[in-house]
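Structure below is input_11.cif: mmCIF, C-alpha atoms.
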```cif
data_entry
#
loop_
_atom_site.label_atom_id
_atom_site.label_comp_id
_atom_site.auth_asym_id
_atom_site.auth_seq_id
_atom_site.Cartn_x
_atom_site.Cartn_y
_atom_site.Cartn_z
CA MET B 1058 66.17 130.11 104.43
CA LEU B 1059 67.59 129.01 107.77
CA THR B 1060 65.68 129.64 110.97
CA ARG B 1061 67.33 131.16 114.01
CA ALA B 1062 67.13 127.77 115.77
CA GLU B 1063 68.85 126.01 112.84
CA ILE B 1064 71.64 128.58 112.80
CA GLN B 1065 72.16 128.21 116.54
CA HIS B 1066 72.17 124.41 116.29
CA LEU B 1067 74.80 124.38 113.53
CA ARG B 1068 77.01 126.88 115.33
CA LEU B 1069 76.90 124.89 118.57
CA LEU B 1070 78.15 121.74 116.86
CA ARG B 1071 81.65 123.18 117.12
CA GLU B 1072 81.47 122.21 120.83
CA LYS B 1073 82.23 118.62 121.82
CA ARG B 1074 79.44 118.54 124.43
CA ARG B 1075 76.86 119.59 121.85
CA ARG B 1076 78.13 117.01 119.38
CA GLU B 1077 77.83 114.30 122.01
CA GLU B 1078 74.33 115.39 123.02
CA SER B 1079 73.00 115.55 119.47
CA GLY B 1080 74.97 112.64 118.04
CA LEU B 1081 75.95 114.86 115.11
CA PHE B 1082 79.12 116.44 113.77
CA VAL B 1083 79.77 119.06 111.12
CA VAL B 1084 82.40 119.34 108.42
CA GLU B 1085 82.98 122.26 106.09
CA GLY B 1086 84.78 122.87 102.80
CA PRO B 1087 84.41 121.56 99.24
CA LYS B 1088 87.61 119.50 99.30
CA VAL B 1089 86.97 117.59 102.52
CA VAL B 1090 83.24 117.17 101.83
CA GLY B 1091 84.07 115.88 98.35
CA GLU B 1092 86.68 113.46 99.75
CA LEU B 1093 84.24 112.09 102.31
CA LEU B 1094 81.48 111.66 99.74
CA ALA B 1095 83.91 109.85 97.44
CA ALA B 1096 84.87 107.57 100.34
CA GLY B 1097 81.22 106.60 100.80
CA LEU B 1098 80.27 108.63 103.85
CA THR B 1099 76.62 109.67 103.97
CA PHE B 1100 75.48 112.93 105.53
CA THR B 1101 72.18 113.71 107.21
CA GLU B 1102 72.16 117.20 105.70
CA VAL B 1103 74.24 119.19 103.21
CA LEU B 1104 73.98 122.98 103.03
CA ALA B 1105 75.59 124.82 100.13
CA THR B 1106 75.71 128.23 98.53
CA PRO B 1107 74.95 128.57 94.80
CA ASP B 1108 78.69 128.45 94.05
CA TRP B 1109 79.00 124.78 95.07
CA PRO B 1110 78.28 122.33 92.20
CA VAL B 1111 75.83 119.72 93.50
CA PRO B 1112 76.70 116.09 92.68
CA VAL B 1113 74.08 114.34 90.55
CA GLY B 1114 71.26 112.88 92.62
CA MET B 1115 72.22 114.57 95.91
CA GLU B 1116 69.72 116.51 97.98
CA VAL B 1117 71.16 119.84 99.08
CA LYS B 1118 69.70 122.72 101.02
CA ARG B 1119 70.65 125.91 99.22
CA ILE B 1120 71.54 128.84 101.46
CA THR B 1121 72.88 132.30 100.78
CA PRO B 1122 76.55 133.27 101.35
CA GLU B 1123 75.31 135.47 104.20
CA GLU B 1124 73.64 132.50 105.89
CA MET B 1125 76.77 130.39 105.39
CA ALA B 1126 78.79 133.12 107.09
CA ARG B 1127 76.50 132.84 110.13
CA VAL B 1128 76.84 129.05 110.49
CA SER B 1129 80.43 128.66 109.31
CA HIS B 1130 83.06 127.44 111.75
CA PHE B 1131 85.80 129.19 109.74
CA PRO B 1132 86.88 132.85 109.66
CA THR B 1133 86.41 132.68 105.88
CA PRO B 1134 83.15 130.81 105.14
CA SER B 1135 83.18 127.99 102.63
CA THR B 1136 80.64 127.09 99.95
CA VAL B 1137 79.45 123.84 101.55
CA LEU B 1138 78.81 122.54 105.06
CA ALA B 1139 77.68 118.99 105.82
CA VAL B 1140 76.23 117.36 108.93
CA GLY B 1141 76.96 113.71 109.72
CA ARG B 1142 75.87 111.23 112.36
CA ILE B 1143 78.38 110.16 115.00
CA SER B 1144 79.20 106.46 114.96
CA ARG B 1145 81.39 104.74 117.54
CA PRO B 1146 82.23 101.17 116.52
CA VAL B 1147 82.83 98.75 119.38
CA LEU B 1148 86.14 96.91 119.42
CA PRO B 1149 85.29 93.20 119.22
CA GLU B 1150 86.90 90.69 121.57
CA GLY B 1151 90.40 89.97 120.33
CA GLY B 1152 90.05 92.88 117.92
CA LEU B 1153 93.67 94.01 118.24
CA ALA B 1154 95.21 90.56 118.08
CA ARG B 1155 95.13 90.42 114.29
CA GLY B 1156 96.29 93.04 111.83
CA LEU B 1157 98.05 96.35 112.38
CA THR B 1158 96.81 99.01 114.79
CA LEU B 1159 98.01 102.57 115.26
CA ALA B 1160 97.30 103.59 118.86
CA LEU B 1161 97.45 107.23 119.94
CA ASP B 1162 98.27 107.92 123.57
CA GLY B 1163 97.08 111.36 124.64
CA VAL B 1164 97.65 113.12 121.30
CA GLN B 1165 95.64 116.28 121.89
CA ASP B 1166 96.39 118.33 118.79
CA PRO B 1167 93.44 117.83 116.37
CA GLY B 1168 95.60 118.33 113.29
CA ASN B 1169 98.02 115.65 114.46
CA VAL B 1170 95.21 113.19 115.20
CA GLY B 1171 93.74 113.72 111.74
CA THR B 1172 97.12 113.34 110.07
CA LEU B 1173 97.82 110.15 112.02
CA ILE B 1174 94.52 108.67 110.81
CA ARG B 1175 95.59 109.57 107.28
CA ILE B 1176 98.96 107.84 107.85
CA ALA B 1177 97.18 104.70 109.05
CA ASP B 1178 95.16 104.78 105.84
CA TRP B 1179 98.26 105.30 103.68
CA PHE B 1180 100.02 102.27 105.16
CA ALA B 1181 96.84 100.16 105.13
CA PHE B 1182 96.65 99.70 108.90
CA ASP B 1183 93.52 97.88 109.97
CA ARG B 1184 92.41 100.35 112.63
CA VAL B 1185 93.28 103.31 114.82
CA LEU B 1186 92.87 103.33 118.59
CA LEU B 1187 92.48 106.64 120.45
CA SER B 1188 92.88 107.04 124.19
CA PRO B 1189 90.03 109.12 125.67
CA ASP B 1190 92.37 112.07 126.29
CA CYS B 1191 93.17 112.43 122.59
CA ALA B 1192 91.54 115.20 120.56
CA ASP B 1193 87.91 114.44 119.78
CA LEU B 1194 87.59 112.30 116.65
CA PHE B 1195 84.69 114.45 115.44
CA HIS B 1196 86.44 117.79 115.89
CA GLN B 1197 86.36 119.52 112.51
CA LYS B 1198 90.15 119.99 112.47
CA VAL B 1199 90.60 116.23 112.94
CA ILE B 1200 88.29 115.46 110.04
CA ASN B 1201 89.85 118.11 107.79
CA ALA B 1202 93.37 116.83 108.44
CA SER B 1203 92.36 113.20 107.82
CA MET B 1204 90.43 114.04 104.64
CA GLY B 1205 88.74 110.94 103.16
CA SER B 1206 90.67 108.68 105.56
CA PHE B 1207 88.11 109.63 108.23
CA ALA B 1208 85.55 107.55 106.32
CA ARG B 1209 87.89 104.68 105.40
CA VAL B 1210 89.69 103.93 108.67
CA THR B 1211 87.94 102.26 111.61
CA VAL B 1212 88.65 104.25 114.76
CA HIS B 1213 87.98 103.05 118.30
CA VAL B 1214 88.15 105.16 121.45
CA MET B 1215 89.06 103.38 124.68
CA GLU B 1216 91.57 103.30 127.51
CA LEU B 1217 94.87 101.88 126.30
CA THR B 1218 95.51 100.18 129.63
CA ALA B 1219 92.33 98.14 129.16
CA ALA B 1220 92.80 97.52 125.44
CA LEU B 1221 96.45 96.45 125.66
CA ALA B 1222 96.49 94.61 128.98
CA PRO B 1223 97.94 91.08 128.58
CA ALA B 1224 94.80 89.58 130.13
CA SER B 1225 92.50 91.40 127.71
CA GLY B 1226 92.92 88.86 124.92
CA ASN B 1227 93.14 91.83 122.57
CA ARG B 1228 96.80 92.42 122.14
CA PRO B 1229 99.06 90.85 119.53
CA SER B 1230 102.51 89.50 120.35
CA GLU B 1231 104.13 92.87 119.56
CA VAL B 1232 103.14 96.19 121.13
CA ILE B 1233 105.66 98.73 119.89
CA GLY B 1234 106.12 102.16 121.44
CA CYS B 1235 108.20 105.15 120.36
CA ASP B 1236 110.60 105.93 123.20
CA LEU B 1237 113.94 107.73 123.39
CA ASP B 1238 115.45 104.74 125.19
CA GLY B 1239 114.38 102.23 122.55
CA GLU B 1240 116.34 100.34 119.91
CA GLU B 1241 116.89 101.97 116.54
CA HIS B 1242 113.74 101.78 114.43
CA PHE B 1243 115.38 100.25 111.36
CA ARG B 1244 115.82 97.00 113.30
CA LEU B 1245 112.06 96.47 113.27
CA PRO B 1246 111.05 93.47 111.15
CA ALA B 1247 108.01 93.47 108.90
CA LEU B 1248 105.02 92.40 111.01
CA LYS B 1249 101.46 91.46 110.09
CA ASP B 1250 100.10 91.66 113.63
CA ALA B 1251 101.22 94.53 115.87
CA VAL B 1252 100.16 97.67 117.71
CA VAL B 1253 102.24 100.82 117.23
CA VAL B 1254 101.76 103.30 120.10
CA ILE B 1255 102.48 106.99 119.50
CA GLY B 1256 102.58 109.38 122.46
CA ALA B 1257 101.89 113.08 122.67
CA GLU B 1258 104.62 115.53 121.70
CA GLY B 1259 106.52 116.74 124.71
CA ARG B 1260 105.03 114.25 127.18
CA GLY B 1261 105.65 111.11 125.15
CA LEU B 1262 104.04 107.87 126.28
CA ALA B 1263 102.05 107.89 129.51
CA ALA B 1264 103.61 106.16 132.50
CA THR B 1265 100.68 103.71 132.53
CA THR B 1266 101.28 102.80 128.88
CA LYS B 1267 105.00 102.00 129.00
CA PRO B 1268 104.66 98.74 130.99
CA LEU B 1269 102.30 97.41 128.28
CA LEU B 1270 104.95 97.59 125.57
CA THR B 1271 106.81 94.54 124.34
CA ARG B 1272 109.27 96.61 122.31
CA ARG B 1273 110.55 100.18 122.39
CA VAL B 1274 111.99 101.89 119.33
CA THR B 1275 113.53 105.27 118.65
CA ILE B 1276 114.35 107.20 115.49
CA PRO B 1277 118.04 108.18 115.69
CA ARG B 1278 118.66 111.92 115.66
CA LEU B 1279 121.38 112.86 113.18
CA GLY B 1280 120.92 116.64 113.31
CA ARG B 1281 120.14 119.13 116.04
CA ALA B 1282 116.32 119.29 115.98
CA GLU B 1283 114.85 118.99 119.45
CA SER B 1284 112.14 116.50 118.52
CA LEU B 1285 109.98 115.07 115.76
CA ASN B 1286 106.33 115.82 115.22
CA ALA B 1287 104.21 112.85 116.38
CA ALA B 1288 102.78 112.30 112.89
CA VAL B 1289 106.24 112.40 111.28
CA ALA B 1290 107.54 109.84 113.77
CA ALA B 1291 104.53 107.60 113.18
CA GLY B 1292 105.02 107.74 109.41
CA ILE B 1293 108.65 106.65 109.74
CA ILE B 1294 107.79 103.77 112.08
CA CYS B 1295 104.84 102.60 109.96
CA ALA B 1296 106.96 102.64 106.80
CA GLN B 1297 109.67 100.59 108.52
CA LEU B 1298 107.12 98.14 109.86
CA ARG B 1299 105.79 97.56 106.35
CA ARG B 1300 109.28 97.32 104.87
CA GLY B 1301 111.00 95.32 107.58
CA GLY B 1302 114.62 95.46 108.75
CA ASN B 1303 117.54 94.24 106.69
#
```
Can the structure in the file be given as C-alpha coordinates, please?
Amino acid sequence: MLTRAEIQHLRLLREKRRREESGLFVVEGPKVVGELLAAGLTFTEVLATPDWPVPVGMEVKRITPEEMARVSHFPTPSTVLAVGRISRPVLPEGGLARGLTLALDGVQDPGNVGTLIRIADWFAFDRVLLSPDCADLFHQKVINASMGSFARVTVHVMELTAALAPASGNRPSEVIGCDLDGEEHFRLPALKDAVVVIGAEGRGLAATTKPLLTRRVTIPRLGRAESLNAAVAAGIICAQLRRGGN
(Lines of atoms letter the chains of each structure in order from A and count residues from 1; the text may use other names and numbers.)
(Lines give C-alpha, C1' and ligand atoms only; values in the text may rest on other atoms or scores of the structure.)
Protein backbone atom coordinates (compact mmCIF):
# COMPACT_ATOMS: atom_id res chain seq x y z
CA MET A 1 0.00 0.00 0.00
CA LEU A 2 1.28 3.44 -0.92
CA THR A 3 1.37 6.21 1.65
CA ARG A 4 0.01 9.66 0.90
CA ALA A 5 3.58 11.02 0.84
CA GLU A 6 4.67 8.36 -1.70
CA ILE A 7 1.71 9.16 -3.95
CA GLN A 8 2.47 12.87 -3.80
CA HIS A 9 6.16 12.27 -4.53
CA LEU A 10 5.43 10.14 -7.60
CA ARG A 11 2.87 12.59 -8.95
CA LEU A 12 5.25 15.53 -8.57
CA LEU A 13 7.93 13.83 -10.67
CA ARG A 14 6.00 14.96 -13.74
CA GLU A 15 7.45 18.44 -13.03
CA LYS A 16 10.98 19.24 -14.20
CA ARG A 17 11.82 21.18 -11.03
CA ARG A 18 10.86 18.22 -8.84
CA ARG A 19 12.88 15.85 -11.00
CA GLU A 20 15.92 18.09 -10.69
CA GLU A 21 15.52 18.44 -6.92
CA SER A 22 15.11 14.72 -6.29
CA GLY A 23 17.48 13.47 -8.99
CA LEU A 24 14.78 11.04 -10.10
CA PHE A 25 12.58 10.54 -13.13
CA VAL A 26 9.57 8.34 -13.81
CA VAL A 27 8.54 6.29 -16.81
CA GLU A 28 5.30 4.42 -17.30
CA GLY A 29 4.00 1.65 -19.56
CA PRO A 30 4.89 -2.01 -20.12
CA LYS A 31 6.42 -1.47 -23.56
CA VAL A 32 8.80 1.35 -22.67
CA VAL A 33 9.70 -0.14 -19.27
CA GLY A 34 10.39 -3.47 -20.97
CA GLU A 35 12.54 -1.79 -23.65
CA LEU A 36 14.58 0.06 -21.05
CA LEU A 37 15.11 -3.06 -18.95
CA ALA A 38 16.21 -4.96 -22.05
CA ALA A 39 18.67 -2.14 -22.83
CA GLY A 40 20.24 -2.55 -19.39
CA LEU A 41 18.78 0.40 -17.53
CA THR A 42 18.34 -0.15 -13.80
CA PHE A 43 15.53 1.43 -11.82
CA THR A 44 15.49 2.45 -8.17
CA GLU A 45 11.88 1.29 -7.83
CA VAL A 46 9.29 -0.51 -9.96
CA LEU A 47 5.60 -0.38 -9.07
CA ALA A 48 3.18 -2.69 -10.85
CA THR A 49 -0.38 -3.91 -10.68
CA PRO A 50 -1.07 -7.67 -10.59
CA ASP A 51 -1.64 -7.63 -14.37
CA TRP A 52 2.05 -6.91 -15.12
CA PRO A 53 4.19 -10.08 -15.41
CA VAL A 54 7.29 -9.58 -13.27
CA PRO A 55 10.61 -10.53 -14.90
CA VAL A 56 12.46 -13.31 -13.09
CA GLY A 57 14.59 -12.02 -10.23
CA MET A 58 13.20 -8.47 -10.23
CA GLU A 59 11.95 -6.80 -7.08
CA VAL A 60 8.61 -5.11 -7.67
CA LYS A 61 6.26 -3.26 -5.38
CA ARG A 62 2.76 -4.52 -6.07
CA ILE A 63 0.04 -1.88 -5.98
CA THR A 64 -3.65 -1.93 -6.79
CA PRO A 65 -5.10 -0.53 -10.04
CA GLU A 66 -6.70 2.20 -7.91
CA GLU A 67 -3.31 3.21 -6.50
CA MET A 68 -1.79 3.19 -10.00
CA ALA A 69 -4.56 5.52 -11.14
CA ARG A 70 -3.55 7.97 -8.39
CA VAL A 71 0.16 8.04 -9.32
CA SER A 72 -0.17 7.62 -13.09
CA HIS A 73 0.93 10.43 -15.37
CA PHE A 74 -1.46 9.21 -18.09
CA PRO A 75 -5.23 9.70 -18.51
CA THR A 76 -5.47 5.90 -18.80
CA PRO A 77 -3.22 4.33 -16.13
CA SER A 78 -0.78 1.63 -17.14
CA THR A 79 0.15 -1.60 -15.36
CA VAL A 80 3.72 -0.59 -14.48
CA LEU A 81 5.54 2.56 -13.42
CA ALA A 82 9.29 2.74 -12.81
CA VAL A 83 11.51 5.31 -11.11
CA GLY A 84 15.07 5.89 -12.31
CA ARG A 85 18.00 8.00 -11.19
CA ILE A 86 18.99 11.00 -13.30
CA SER A 87 22.49 10.79 -14.75
CA ARG A 88 24.16 13.60 -16.68
CA PRO A 89 27.40 12.45 -18.32
CA VAL A 90 30.04 15.14 -18.77
CA LEU A 91 31.34 15.70 -22.29
CA PRO A 92 35.08 14.99 -22.16
CA GLU A 93 37.58 17.37 -23.72
CA GLY A 94 37.59 16.83 -27.46
CA GLY A 95 34.49 14.69 -27.07
CA LEU A 96 32.86 15.86 -30.30
CA ALA A 97 35.99 15.72 -32.43
CA ARG A 98 35.65 12.00 -33.11
CA GLY A 99 32.60 10.09 -34.23
CA LEU A 100 29.15 11.30 -35.24
CA THR A 101 27.04 13.64 -33.10
CA LEU A 102 23.43 14.67 -33.54
CA ALA A 103 22.99 18.13 -31.98
CA LEU A 104 19.54 19.55 -31.27
CA ASP A 105 19.20 23.32 -31.26
CA GLY A 106 16.15 24.43 -29.28
CA VAL A 107 13.92 21.46 -30.16
CA GLN A 108 11.20 21.90 -27.55
CA ASP A 109 8.68 19.23 -28.51
CA PRO A 110 9.32 16.22 -26.21
CA GLY A 111 8.10 13.72 -28.80
CA ASN A 112 10.51 15.12 -31.39
CA VAL A 113 13.44 15.02 -28.97
CA GLY A 114 12.72 11.39 -28.12
CA THR A 115 12.35 10.44 -31.77
CA LEU A 116 15.62 12.19 -32.63
CA ILE A 117 17.42 10.18 -29.94
CA ARG A 118 15.93 7.06 -31.50
CA ILE A 119 17.17 8.15 -34.94
CA ALA A 120 20.68 8.65 -33.56
CA ASP A 121 20.51 5.11 -32.20
CA TRP A 122 19.24 3.71 -35.52
CA PHE A 123 22.12 5.24 -37.48
CA ALA A 124 24.68 4.35 -34.79
CA PHE A 125 25.64 7.94 -33.96
CA ASP A 126 28.04 8.15 -31.05
CA ARG A 127 26.13 10.73 -29.04
CA VAL A 128 23.38 13.33 -28.93
CA LEU A 129 23.90 16.91 -27.81
CA LEU A 130 20.96 18.95 -26.49
CA SER A 131 20.98 22.70 -26.09
CA PRO A 132 19.57 23.74 -22.68
CA ASP A 133 16.39 25.11 -24.30
CA CYS A 134 15.45 21.70 -25.72
CA ALA A 135 12.73 19.64 -24.04
CA ASP A 136 13.93 18.05 -20.82
CA LEU A 137 15.68 14.74 -21.49
CA PHE A 138 13.87 13.16 -18.54
CA HIS A 139 10.38 14.27 -19.56
CA GLN A 140 8.27 11.13 -19.82
CA LYS A 141 7.22 11.93 -23.40
CA VAL A 142 10.89 12.13 -24.41
CA ILE A 143 11.64 8.74 -22.88
CA ASN A 144 8.52 7.14 -24.34
CA ALA A 145 9.31 8.39 -27.84
CA SER A 146 12.94 7.24 -27.63
CA MET A 147 12.01 3.81 -26.22
CA GLY A 148 15.12 1.73 -25.43
CA SER A 149 17.34 4.26 -27.23
CA PHE A 150 17.15 6.41 -24.09
CA ALA A 151 19.34 3.82 -22.35
CA ARG A 152 21.67 3.15 -25.29
CA VAL A 153 22.54 6.64 -26.53
CA THR A 154 24.83 8.97 -24.57
CA VAL A 155 23.16 12.37 -24.31
CA HIS A 156 24.90 15.57 -23.20
CA VAL A 157 23.20 18.87 -22.37
CA MET A 158 25.22 22.03 -22.95
CA GLU A 159 25.26 25.32 -24.85
CA LEU A 160 25.99 24.69 -28.52
CA THR A 161 27.98 27.91 -28.80
CA ALA A 162 30.42 26.59 -26.18
CA ALA A 163 30.48 23.02 -27.46
CA LEU A 164 30.98 23.91 -31.13
CA ALA A 165 33.20 26.97 -30.86
CA PRO A 166 36.38 26.55 -32.96
CA ALA A 167 38.54 27.26 -29.90
CA SER A 168 36.80 24.59 -27.82
CA GLY A 169 38.87 21.73 -29.21
CA ASN A 170 35.63 19.76 -29.34
CA ARG A 171 34.43 20.18 -32.86
CA PRO A 172 35.28 17.96 -35.82
CA SER A 173 36.18 19.36 -39.23
CA GLU A 174 32.52 19.25 -40.34
CA VAL A 175 29.62 20.88 -38.50
CA ILE A 176 26.59 20.44 -40.72
CA GLY A 177 23.36 22.36 -40.26
CA CYS A 178 19.97 22.02 -41.94
CA ASP A 179 19.20 25.36 -43.57
CA LEU A 180 16.93 26.42 -46.45
CA ASP A 181 19.86 28.21 -48.09
CA GLY A 182 22.15 25.18 -48.01
CA GLU A 183 23.36 22.85 -50.74
CA GLU A 184 21.25 19.84 -51.63
CA HIS A 185 21.65 17.11 -49.03
CA PHE A 186 22.52 14.32 -51.47
CA ARG A 187 25.88 15.99 -52.10
CA LEU A 188 26.98 15.12 -48.57
CA PRO A 189 29.80 12.58 -48.53
CA ALA A 190 29.99 9.75 -46.03
CA LEU A 191 31.76 11.07 -42.93
CA LYS A 192 33.12 9.34 -39.84
CA ASP A 193 33.59 12.51 -37.81
CA ALA A 194 30.88 15.20 -37.95
CA VAL A 195 28.21 17.06 -36.02
CA VAL A 196 24.74 17.32 -37.56
CA VAL A 197 22.74 20.24 -36.11
CA ILE A 198 18.94 20.16 -36.26
CA GLY A 199 16.96 23.27 -35.37
CA ALA A 200 13.47 23.68 -34.01
CA GLU A 201 10.53 23.54 -36.39
CA GLY A 202 9.43 26.98 -37.43
CA ARG A 203 12.41 28.83 -35.96
CA GLY A 204 15.14 26.71 -37.51
CA LEU A 205 18.70 27.16 -36.31
CA ALA A 206 19.40 29.88 -33.77
CA ALA A 207 21.23 32.97 -35.00
CA THR A 208 24.09 32.15 -32.61
CA THR A 209 24.42 28.64 -34.05
CA LYS A 210 24.64 29.46 -37.76
CA PRO A 211 28.15 31.02 -37.63
CA LEU A 212 29.47 27.77 -36.10
CA LEU A 213 28.54 25.70 -39.15
CA THR A 214 31.08 24.62 -41.72
CA ARG A 215 28.42 23.35 -44.11
CA ARG A 216 24.73 24.03 -44.70
CA VAL A 217 22.44 21.51 -46.38
CA THR A 218 18.81 21.50 -47.40
CA ILE A 219 16.39 18.77 -48.45
CA PRO A 220 14.88 19.83 -51.80
CA ARG A 221 11.11 20.28 -51.74
CA LEU A 222 9.46 18.52 -54.68
CA GLY A 223 5.84 18.90 -53.53
CA ARG A 224 3.88 21.63 -51.81
CA ALA A 225 4.30 20.78 -48.12
CA GLU A 226 5.27 23.83 -46.09
CA SER A 227 8.00 22.11 -44.09
CA LEU A 228 9.39 18.84 -42.79
CA ASN A 229 9.15 17.62 -39.23
CA ALA A 230 12.53 18.03 -37.49
CA ALA A 231 12.86 14.28 -36.87
CA VAL A 232 12.01 13.44 -40.50
CA ALA A 233 14.64 15.90 -41.74
CA ALA A 234 17.22 14.49 -39.34
CA GLY A 235 16.53 10.94 -40.51
CA ILE A 236 17.08 11.93 -44.15
CA ILE A 237 20.34 13.74 -43.38
CA CYS A 238 21.67 10.96 -41.14
CA ALA A 239 20.90 8.33 -43.79
CA GLN A 240 22.70 10.39 -46.44
CA LEU A 241 25.67 10.93 -44.15
CA ARG A 242 26.00 7.17 -43.65
CA ARG A 243 25.50 6.45 -47.35
CA GLY A 244 27.54 9.27 -48.84
CA GLY A 245 26.99 11.17 -52.08
CA ASN A 246 27.47 9.67 -55.52
Explicit residues for the PyMOL selection byres ((chain B and resi 1063) around 12) (as a VMD selection string): chain B and resid 1058 to 1062 1064 to 1070 1102 1104 1124 to 1125 1127 to 1128
The distance between atom CA of B:Gly1239 and atom CA of B:Leu1173 is 21.2 Å
Between atom CA of B:Ala1160 and atom CA of B:Asn1227, what is the distance, to one decimal in Å? 13.0 Å
If we count only C-alpha atoms, what is near B:Phe1082 at a cut-off of 6 Å, once residues fewer than 5 positions away on the same chain are taken out, given as a tab-separated table (two decimals) with C-alpha atoms, in the coordinates of the input?
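After the write, result_3.tsv holds the following:
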```tsv
chain	number	residue	atom	x	y	z
B	1076	ARG	CA	78.13	117.01	119.38
B	1140	VAL	CA	76.23	117.36	108.93
B	1141	GLY	CA	76.96	113.71	109.72
```
Residues in the PyMOL selection byres ((chain B and resi 1257) around 10), expressed as a VMD selection string: chain B and resid 1161 to 1166 1169 1191 1255 to 1256 1258 to 1263 1286 to 1288
Please indicate the distance in Å from atom CA of B:Phe1180 to atom CA of B:Gly1292, rounded to one decimal place.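 If I compute the distance from atom CA of B:Phe1180 to atom CA of B:Gly1292, I get 8.5 Å.
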Point (77.6, 129.1, 96.7), cut-off 8 Å, counting all atoms listed in the file, residues as a PyMOL selection string: chain B and resi 1105-1109+1120-1122+1136-1137
Using all atoms listed in the file, pick whichever of B:Ala1181, B:Ile1143, B:Leu1153, B:Ala1222 has the shortest atom-to-atom distance to B:Ala1251. B:Leu1153
Using the chain letters and numbers from the file, give me the residues hit by the PyMOL selection byres ((chain B and resi 1236) around 7), as a ChimeraX atom specification. /B:1234-1235,1237-1239,1273-1275
Do a neighbour search on B:Gly1156 at 7 Å with only C-alpha atoms, toss out local chain neighbours closer than 6 positions, and write the hits as a VMD selection string. chain B and resid 1183 1249 to 1251
Taking (102.7, 101.7, 126.9) in the file's coordinates as the center, which residues reach within 9 Å of it, counting all atoms listed in the file, put as a PyMOL selection string? chain B and resi 1162+1217-1218+1221+1232-1234+1254+1256+1262-1271
Nearest to B:Arg1142 among B:Ser1225, B:Thr1101, B:Asn1201, B:Ser1206, with distances taken over all atoms listed in the file: which residue is it? B:Thr1101
With only C-alpha atoms as the atoms that count, which of B:Met1115, B:Val1170, B:Leu1194, B:Ser1203 lies nearest to B:Lys1088?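 Between B:Met1115, B:Val1170, B:Leu1194, B:Ser1203, the residue approaching B:Lys1088 most closely is B:Ser1203.
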Of the candidates B:Asp1193, B:Val1212, B:Gln1297, B:Asp1178, which one gets nearest to B:Pro1146 if we count only C-alpha atoms? B:Val1212
Which one is closest to B:His1213: B:Val1147, B:Leu1279, B:Ala1139, B:Leu1098? Count all atoms listed in the file.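 Counting all atoms listed in the file, the residue closest to B:His1213 is B:Val1147.
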Which one of B:Ser1230, B:Ser1135, B:Gln1197, B:Thr1211 sits closest to B:Gly1168 if you count only C-alpha atoms? B:Gln1197
